[in-house]
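This report concerns only the one structure given below.
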There are 8 protein chains.
Amino acid sequence: MIVEHLIDYNRENRIGISETIFCENKSISQINNICKDLDTNKTTFFTRLKEDQYKKLTSSIKKKLLYNSDSQTAIYGKKPSINKSKANIAIICAGTSDMPSVLEAQQTLYISGIKSDIFPDLGVAGLWRIQKYLKQIMKYKILIVAAGMDGALVSVIGGLVSLPIIALPTSTGYGVANKGTTALNAMLVSCSPGISVVNIDNGYGAASAAIRILNVIKQ
Amino acid sequence: MIVEHLIDYNRENRIGISETIFCENKSISQINNICKDLDTNKTTFFTRLKEDQYKKLTSSIKKKLLYNSDSQTAIYGKKPSINKSKANIAIICAGTSDMPSVLEAQQTLYISGIKSDIFPDLGVAGLWRIQKYLKQIMKYKILIVAAGMDGALVSVIGGLVSLPIIALPTSTGYGVANKGTTALNAMLVSCSPGISVVNIDNGYGAASAAIRILNVIKQ
Amino acid sequence: MIVEHLIDYNRENRIGISETIFCENKSISQINNICKDLDTNKTTFFTRLKEDQYKKLTSSIKKKLLYNSDSQTAIYGKKPSINKSKANIAIICAGTSDMPSVLEAQQTLYISGIKSDIFPDLGVAGLWRIQKYLKQIMKYKILIVAAGMDGALVSVIGGLVSLPIIALPTSTGYGVANKGTTALNAMLVSCSPGISVVNIDNGYGAASAAIRILNVIKQ
Amino acid sequence: MIVEHLIDYNRENRIGISETIFCENKSISQINNICKDLDTNKTTFFTRLKEDQYKKLTSSIKKKLLYNSDSQTAIYGKKPSINKSKANIAIICAGTSDMPSVLEAQQTLYISGIKSDIFPDLGVAGLWRIQKYLKQIMKYKILIVAAGMDGALVSVIGGLVSLPIIALPTSTGYGVANKGTTALNAMLVSCSPGISVVNIDNGYGAASAAIRILNVIKQ
Amino acid sequence: MIVEHLIDYNRENRIGISETIFCENKSISQINNICKDLDTNKTTFFTRLKEDQYKKLTSSIKKKLLYNSDSQTAIYGKKPSINKSKANIAIICAGTSDMPSVLEAQQTLYISGIKSDIFPDLGVAGLWRIQKYLKQIMKYKILIVAAGMDGALVSVIGGLVSLPIIALPTSTGYGVANKGTTALNAMLVSCSPGISVVNIDNGYGAASAAIRILNVIKQ
Amino acid sequence: MIVEHLIDYNRENRIGISETIFCENKSISQINNICKDLDTNKTTFFTRLKEDQYKKLTSSIKKKLLYNSDSQTAIYGKKPSINKSKANIAIICAGTSDMPSVLEAQQTLYISGIKSDIFPDLGVAGLWRIQKYLKQIMKYKILIVAAGMDGALVSVIGGLVSLPIIALPTSTGYGVANKGTTALNAMLVSCSPGISVVNIDNGYGAASAAIRILNVIKQ
Amino acid sequence: MIVEHLIDYNRENRIGISETIFCENKSISQINNICKDLDTNKTTFFTRLKEDQYKKLTSSIKKKLLYNSDSQTAIYGKKPSINKSKANIAIICAGTSDMPSVLEAQQTLYISGIKSDIFPDLGVAGLWRIQKYLKQIMKYKILIVAAGMDGALVSVIGGLVSLPIIALPTSTGYGVANKGTTALNAMLVSCSPGISVVNIDNGYGAASAAIRILNVIKQ
Amino acid sequence: MIVEHLIDYNRENRIGISETIFCENKSISQINNICKDLDTNKTTFFTRLKEDQYKKLTSSIKKKLLYNSDSQTAIYGKKPSINKSKANIAIICAGTSDMPSVLEAQQTLYISGIKSDIFPDLGVAGLWRIQKYLKQIMKYKILIVAAGMDGALVSVIGGLVSLPIIALPTSTGYGVANKGTTALNAMLVSCSPGISVVNIDNGYGAASAAIRILNVIKQ
């Protein structure tokens, strides 16, 4: 006997973040079956949905999914309504290789109706790039800072601005980059105080942490 | 030749957190020398100052330090003025073994003039304890949640409240607790979304992350 | 010279668990050769037999194998006779991604003639789900609790019920989930006492541990 | 403000294991304070209480603690009443170096009123020792098997008996024994099926897992 | 400029082991080029030559290679002359999954003109299998003992025989088998004294260590 | 909004090394887009550009890239002018498997107009090979020494020559070679003093470190 | 109940190595109790017996122990009779820091009546030292080669001699020497074939492996 | 028999660095014995000589040692003659906790007659400090850059100057600073190209690498 599956639609009310289906390593039939249980009047978010997986889904299900291949995310059911005013959140990264995580973060914010801006090339090897945009960055309310390799970008920005910084280590790099572990650890032991960190390549988590902060700013 | 030492008093203006002297593994003479360079009209914070170290400092320096042995912290120079209204920050922990990190967090908040409350015994092995205090906890603006061993407390609270949660892994435990690494990793891969995490036993960092959020709430 | 291969049919008499062929990384010709040595009057169990491997086996052998693709297991020879009474064992998991290990456990119990029930969606991010089924769960004799990521489900259930709990960490998750190592370690250092743990994704081992307990309950 | 401390006396009713105070790294004043909150009409168990810590406690508290230095445990309050019949549980270990964990397990059983026997020298380097006692061992209901280094004792016994086996890795050894991690991992990947494992040196956990099995045997 | 490539034909005279080409991760053109430099009057051994790689080599080179797909080895040039008398070396393994490394060892001995026998199924989960063959095993001069998972076979045999034992850990297993690291470490900390160990899956190295011992027995 | 991409052409003036695009894990469209932003009058270097990636690029972009498949590098824009005099830098490696990293180093030097010579087979298992070329090696100004497995080549050369040695660990090997980590660590703890080390397989980094030394020799 | 302790005197007959008591982390009372069970007509060997431990033993026991502080070993009971002819075994090490393990190996051989010679300073940073003694070293039957840090000594000697080489990694070094793990791994992946390895600092194990080889040479 | 000890005085001629005695974990009698073999007309350098060890040496030996407690180094025999001109080497560090390694580097340079300057407080949390000294730093020939924690200082300086940079990771920090491993790895994967790295806390190695560069600049 298998007891009923349980969708947690109440999650949005409890913590302000939609029910989300994590698709990595799920089989096509598992994803199809989950979709059958979903309510189209509610919003369900899908992460780590590879293009390969998406393409193999039942066509009736595919039609109901708004798929975004760059971020490997999809939206099922009710679409979010974006507040048209300016973005409160900046997502800063060291280079192009960090973009998949950055875009996962942006989509996660989007599904909660939150706008964000991306600064894609501020790696510290060319410090002038941070200096060029520093004043502009200071005008946001929350920063998500993504970097792989040495993760040094987080420490430099952390020493320059007073905003909440959510550090997002990425798996960019090879050898002792150790699939993002070095960036993760470097961010956790940053010499700049008050950096908090999410799992490697976890754009979804970084955005969710930002949403929790917005929850309390709005109060 | 040794070029001059550089105290970063401007840090408070830039990022809202006082210049802080990290004392772990510093020799007595190193700490004495640093103190000689400090300005008594400004606030300098000391962390990881063991009672042993404190007692061996020059007596004239000891007089200028407000030492707190439970949190192994000290304050030099101008004392903080606490806002007398109710605390905005709750520091929750799984059990008594986590208290040194919890108290380091509380002192770090105190030096910035911020009140906080501690909930010391909410480990999930007795779930009724979280249930007893849940409504009260939801009234704060930010939660710092400390736990060692399996770090499960963070996931349970993360699924129940919408507040910003700064997870503070502690080195409580033995064997594969791996000096806090298991709690750290479990918090980073929490099944509850939007948890952000600081280094093991880093009460100072958790409090600093909370200060960054308060910086933006106050705006 | 290669000395004869040795099938351990006596294993069932000694420890109550059938001879089992672990197929991961075995070549097709190795599996074919092993099957040739088997006795169809006895029961032999196959684990980690991928659909790809199964399909390439000699067709005469394939006919003798009862293959189950969801659990990647097969039965060769005598089929088990299931006791029709209610299940003594509940297999609880955090979410759909844990199902392959859960089903391997269920099949392993099945081959020993033991019924089990599956509770597939009790992750602690939505605590109401455990609360909904808690009374029902307490009526079983043994719990197998599977979870990946932070493994927190085990600690929460461990604090609520007095039954034997066999914790089954799964490789669900990414980054510092470390292919199940974080869940494994978190379960080993669970703040709830008396949890014992098997290898990552080892549904077969979890079920075998349950069988050992049933061996002694039956006495 | 520090919210009240919460003793979990109800734990014994919920899961059949007494409230337990883990003393490792707790300060003397922390332990003294906890004792002040305890109820002498109830049983509280203390683990990892070093002789050094015990000796420094307030003398009035020391009088109320029944301390056992070999297992570094103590009992506060109501003493357990032992069932005088023969032991149901055998604790087997590879050699003398494993005894501290073995004795912690025995004391944990004792506090729940359960007798156990210890077989102290059955390491596989001298296989005749297991063979000498094998029939005697088969008469127990549950085995706790402790070993450090290679942990091979567990696999050998696991292939010979059908009883529940709780593997207890110890930190005996040096170099790549890695403080018990090698024994732990070897036990988790034992070639004998159905072994479940607790944390390194966790005699308390192994005994608690045995208690959970006894809970269900008794039903 | 690239300075000349240097084949070490003198190796056999110096240490008694032929020049060997390790093919893992070498490109087809690299292997083709190396073969062009070889002397067909001398013996060169190839290891880790996958069937895929072998098939893509230039056909003229393929003709000169005596390829063995089970062990992924090949011989180029002069073939070894085997001493027809009985084998001095037994290669014992826990199960079929260990055979690729076992066969690499056997081929390495063969290229030096040494016979060996394989005992393929002596895993300790069924101890009767070791007991059945123990007397026969004691008649060899050197044992190579291969095992994955917990590596316990080595400790059991090490406690029963006085022969040199070269332990060969294999990558058999999953989860905390850690691709052979657990077997390797367990063998290194074996409770049976005098076991020496080679790298994971290194059948070539185990055989070479045996050859060094035969070098000195022959003196 | 995505803020503009920022090419760091000034890098060559600041540190003497061209702007470089690291292509590992970049998608085809990401690489195409980066190329569109490049200035053909300046030199841009591409590393880790797999033949597969290269072939899929837009044909107009492919025409502008000078691709080298052995080193997986490419040059875009202005070609380097090589100083025709003799090479100042020797790149020494243990064997053919190390060549991809060696060639990446050579191409990196080439793009800065620097000649280098390669000694491809000097592994210490045949010490006569180092001895044969030692005098010749001593005539260079800088040595890059690449090795995988045990990395012992670096220690032997480090004890024989006074030149700057940049150690380049490679991922050659298997098992506890740990994808180059063992070579890396062995080089870092070399018993020969004054060896400095770059990341595993980082031929680009080794060459860049050599360029920094040439920068100061030229002054 | 604690079942009797079991001394394995038969070990010497089975495998040619005396019963040995490993004293690390054993308490004084544990060692005293073991000694009481020993037979003075038989030989028992003690390893890792620190001077501190030795001094605290009961004086009657101390008198029966022949203690050697440099190797931290002791002999109880019958003394070995040394064969006066020349040594068959050379123990080579990189430097003085490796001597404790080297001396443990020498004492282990001594208790089995075997002479050995020590070459204490042959580290590869000064290659002339190996070259000076190479011919002399080639005259032994077995080499034990100890080194910490990079372990490169083993690879160099392994490429020069055809003798059995037992590699003994030591914990000499700091940082990424990782308490001997780097030397261990480097020896396991040595580019010289046929090296077999024992645990870090395991002089006892290296000598025991040599004894196993002598067992078969003597036949 | 113990073959003669071998002092490598010729090292200075071969590689330009004096024979050095590494004292960590050496016993007092070992150090005393080494000193007896030394030639007072030559220079021998001692590293990692703790004040405790130094004080316990024979007084006649202590007189011949020029001991420096801050760097834990000593000089035996001929003193170096310092070139009085300005320093060519700058040693930059993030903060006071890095000073022991920095001073070990400075003493190592001093024994070779080389002057160096120290910049002790340039951590990136206060970026203005690097900016203040950047022009001055650019005037040296070689930089040694020491940092613990995140090691970010190296990446920032690496992006700003063209000089050779020897990165010296220190063990400053706690938790996932992992005793310097995080700084080491971050430096190895620095986003600034051409950084080469030495072992954790290896001031001696960093200085020796600088000496090798000076060897070739002087040519």
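Chain labels A, B, ... are given in the sequence in which chains occur in the structure tokens; within each chain residues are numbered consecutively from 1, and ligands are likewise numbered from 1 in the order shown.
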
Per-residue nearest contacts chain H to chain F, cut-off 6 Å, using only C-alpha atoms, as JSON lines:
```
{"residue": "H:Ile15", "atom": "CA", "partner": "F:Ser162", "partner_atom": "CA", "distance": 3.7}
{"residue": "H:Val161", "atom": "CA", "partner": "F:Ile15", "partner_atom": "CA", "distance": 5.3}
{"residue": "H:Ser162", "atom": "CA", "partner": "F:Ile15", "partner_atom": "CA", "distance": 3.7}
{"residue": "H:Leu163", "atom": "CA", "partner": "F:Arg212", "partner_atom": "CA", "distance": 5.4}
{"residue": "H:Pro164", "atom": "CA", "partner": "F:Arg212", "partner_atom": "CA", "distance": 4.7}
{"residue": "H:Leu188", "atom": "CA", "partner": "F:Asn199", "partner_atom": "CA", "distance": 5.1}
{"residue": "H:Pro193", "atom": "CA", "partner": "F:Gly205", "partner_atom": "CA", "distance": 5.8}
{"residue": "H:Gly194", "atom": "CA", "partner": "F:Ala209", "partner_atom": "CA", "distance": 3.8}
{"residue": "H:Ile195", "atom": "CA", "partner": "F:Ala209", "partner_atom": "CA", "distance": 5.9}
{"residue": "H:Ser196", "atom": "CA", "partner": "F:Val197", "partner_atom": "CA", "distance": 5.1}
{"residue": "H:Val197", "atom": "CA", "partner": "F:Val197", "partner_atom": "CA", "distance": 5.0}
{"residue": "H:Val198", "atom": "CA", "partner": "F:Ser196", "partner_atom": "CA", "distance": 5.2}
{"residue": "H:Asn199", "atom": "CA", "partner": "F:Leu188", "partner_atom": "CA", "distance": 5.1}
{"residue": "H:Gly205", "atom": "CA", "partner": "F:Gly194", "partner_atom": "CA", "distance": 4.9}
{"residue": "H:Ser208", "atom": "CA", "partner": "F:Gly194", "partner_atom": "CA", "distance": 4.1}
{"residue": "H:Ala209", "atom": "CA", "partner": "F:Gly194", "partner_atom": "CA", "distance": 3.8}
{"residue": "H:Arg212", "atom": "CA", "partner": "F:Pro164", "partner_atom": "CA", "distance": 4.7}
{"residue": "H:Ile213", "atom": "CA", "partner": "F:Pro164", "partner_atom": "CA", "distance": 5.3}
{"residue": "H:Ile217", "atom": "CA", "partner": "F:Ile217", "partner_atom": "CA", "distance": 5.4}
```

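Omitting Leu57 (chain F) and its sequence neighbours fewer than 6 positions away, and counting only C-alpha atoms, the residues within 12 Å are Lys26, Ser27, Ile28, Ser29, Gln30, Ile31, Asn32, Asn33, Ile34, Cys35, Lys36, Leu49, Lys50, Glu51, Lys63, Lys64, Leu65 and Tyr67 of chain F.
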
So which residues touch region 131-139 of chain A within 10 Å, counting only C-alpha atoms, skipping near sequence neighbours fewer than 6 positions away, as a list of chain:residue names?
A:Ala87, A:Asn88, A:Ile89, A:Ala90, A:Ile91, A:Ile92, A:Asp117, A:Phe119, A:Leu122, A:Ile157, A:Leu160, A:Val161, A:Ser162, A:Leu163, F:Val3

Filtering to N, CA, C and O atoms, could you give me those residues as a short mmCIF file (atom, residue, chain, number, x, y, z; two decimals), in the first residue's frame?
```
data_model
loop_
_atom_site.label_atom_id
_atom_site.label_comp_id
_atom_site.auth_asym_id
_atom_site.auth_seq_id
_atom_site.Cartn_x
_atom_site.Cartn_y
_atom_site.Cartn_z
N ALA A 87 13.27 47.37 -9.12
CA ALA A 87 13.74 46.18 -8.42
C ALA A 87 14.36 46.53 -7.07
O ALA A 87 15.09 47.52 -6.95
N ASN A 88 14.05 45.72 -6.06
CA ASN A 88 14.66 45.89 -4.74
C ASN A 88 15.89 45.01 -4.53
O ASN A 88 16.61 45.17 -3.57
N ILE A 89 16.05 44.06 -5.43
CA ILE A 89 17.09 43.05 -5.24
C ILE A 89 18.04 43.06 -6.42
O ILE A 89 17.61 43.01 -7.57
N ALA A 90 19.37 43.11 -6.10
CA ALA A 90 20.38 42.97 -7.14
C ALA A 90 21.03 41.61 -7.00
O ALA A 90 21.34 41.18 -5.89
N ILE A 91 21.20 40.93 -8.14
CA ILE A 91 21.91 39.66 -8.16
C ILE A 91 23.21 39.91 -8.91
O ILE A 91 23.22 40.21 -10.10
N ILE A 92 24.32 39.80 -8.17
CA ILE A 92 25.64 40.14 -8.70
C ILE A 92 26.41 38.85 -8.89
O ILE A 92 26.37 37.98 -8.03
N ASP A 117 17.48 42.82 -10.59
CA ASP A 117 18.43 43.17 -11.65
C ASP A 117 19.69 42.33 -11.50
O ASP A 117 20.10 41.99 -10.38
N PHE A 119 23.82 41.91 -12.30
CA PHE A 119 25.11 42.50 -12.67
C PHE A 119 26.04 41.33 -12.96
O PHE A 119 26.56 40.71 -12.04
N LEU A 122 31.24 41.05 -12.39
CA LEU A 122 31.96 41.91 -11.45
C LEU A 122 33.09 41.20 -10.70
O LEU A 122 33.49 41.61 -9.62
N ILE A 157 32.70 42.89 -1.67
CA ILE A 157 31.44 43.64 -1.57
C ILE A 157 30.99 43.75 -0.11
O ILE A 157 30.53 44.79 0.34
N LEU A 160 32.24 46.68 1.65
CA LEU A 160 31.91 47.99 1.08
C LEU A 160 30.47 48.44 1.31
O LEU A 160 30.19 49.63 1.26
N VAL A 161 29.55 47.51 1.52
CA VAL A 161 28.14 47.90 1.65
C VAL A 161 27.53 47.34 2.93
O VAL A 161 27.98 46.33 3.47
N SER A 162 26.48 48.02 3.41
CA SER A 162 25.85 47.64 4.69
C SER A 162 24.60 46.78 4.48
O SER A 162 23.91 46.46 5.44
N LEU A 163 24.29 46.44 3.25
CA LEU A 163 23.05 45.72 2.94
C LEU A 163 23.14 44.25 3.35
O LEU A 163 24.24 43.72 3.49
N VAL F 3 22.61 44.07 -16.44
CA VAL F 3 23.56 45.16 -16.69
C VAL F 3 24.60 44.67 -17.71
O VAL F 3 24.84 43.48 -17.84
#
```

Run DSSP on the backbone and give me the residues of region 168-217 of chain D it puts in strand (DSSP E or B), as a PyMOL selection string.
chain D and resi 168-169+195-197

Prev. selection, N, CA, C and O atoms, output as a compact mmCIF listing (two decimals), in the first residue's frame:
```txt
# COMPACT_ATOMS: atom_id res chain seq x y z
N LEU D 168 28.42 -0.92 16.54
CA LEU D 168 28.90 0.24 17.31
C LEU D 168 30.37 0.47 16.98
O LEU D 168 31.25 -0.15 17.55
N PRO D 169 30.66 1.36 16.03
CA PRO D 169 32.05 1.61 15.69
C PRO D 169 32.74 2.40 16.80
O PRO D 169 32.13 3.29 17.39
N ILE D 195 22.84 -5.19 8.79
CA ILE D 195 23.53 -4.54 9.90
C ILE D 195 23.07 -3.09 9.97
O ILE D 195 23.09 -2.40 8.95
N SER D 196 22.66 -2.60 11.13
CA SER D 196 22.43 -1.16 11.22
C SER D 196 23.41 -0.59 12.23
O SER D 196 23.88 -1.27 13.12
N VAL D 197 23.72 0.70 12.09
CA VAL D 197 24.92 1.27 12.69
C VAL D 197 24.57 2.55 13.43
O VAL D 197 23.66 3.28 13.04
```

Which of region 99-215 of chain E end up as helix (DSSP H, G or I) when DSSP is run on this backbone - answer as a PyMOL selection string?
chain E and resi 99-111+124-126+128-137+152-158+175-188+203-215
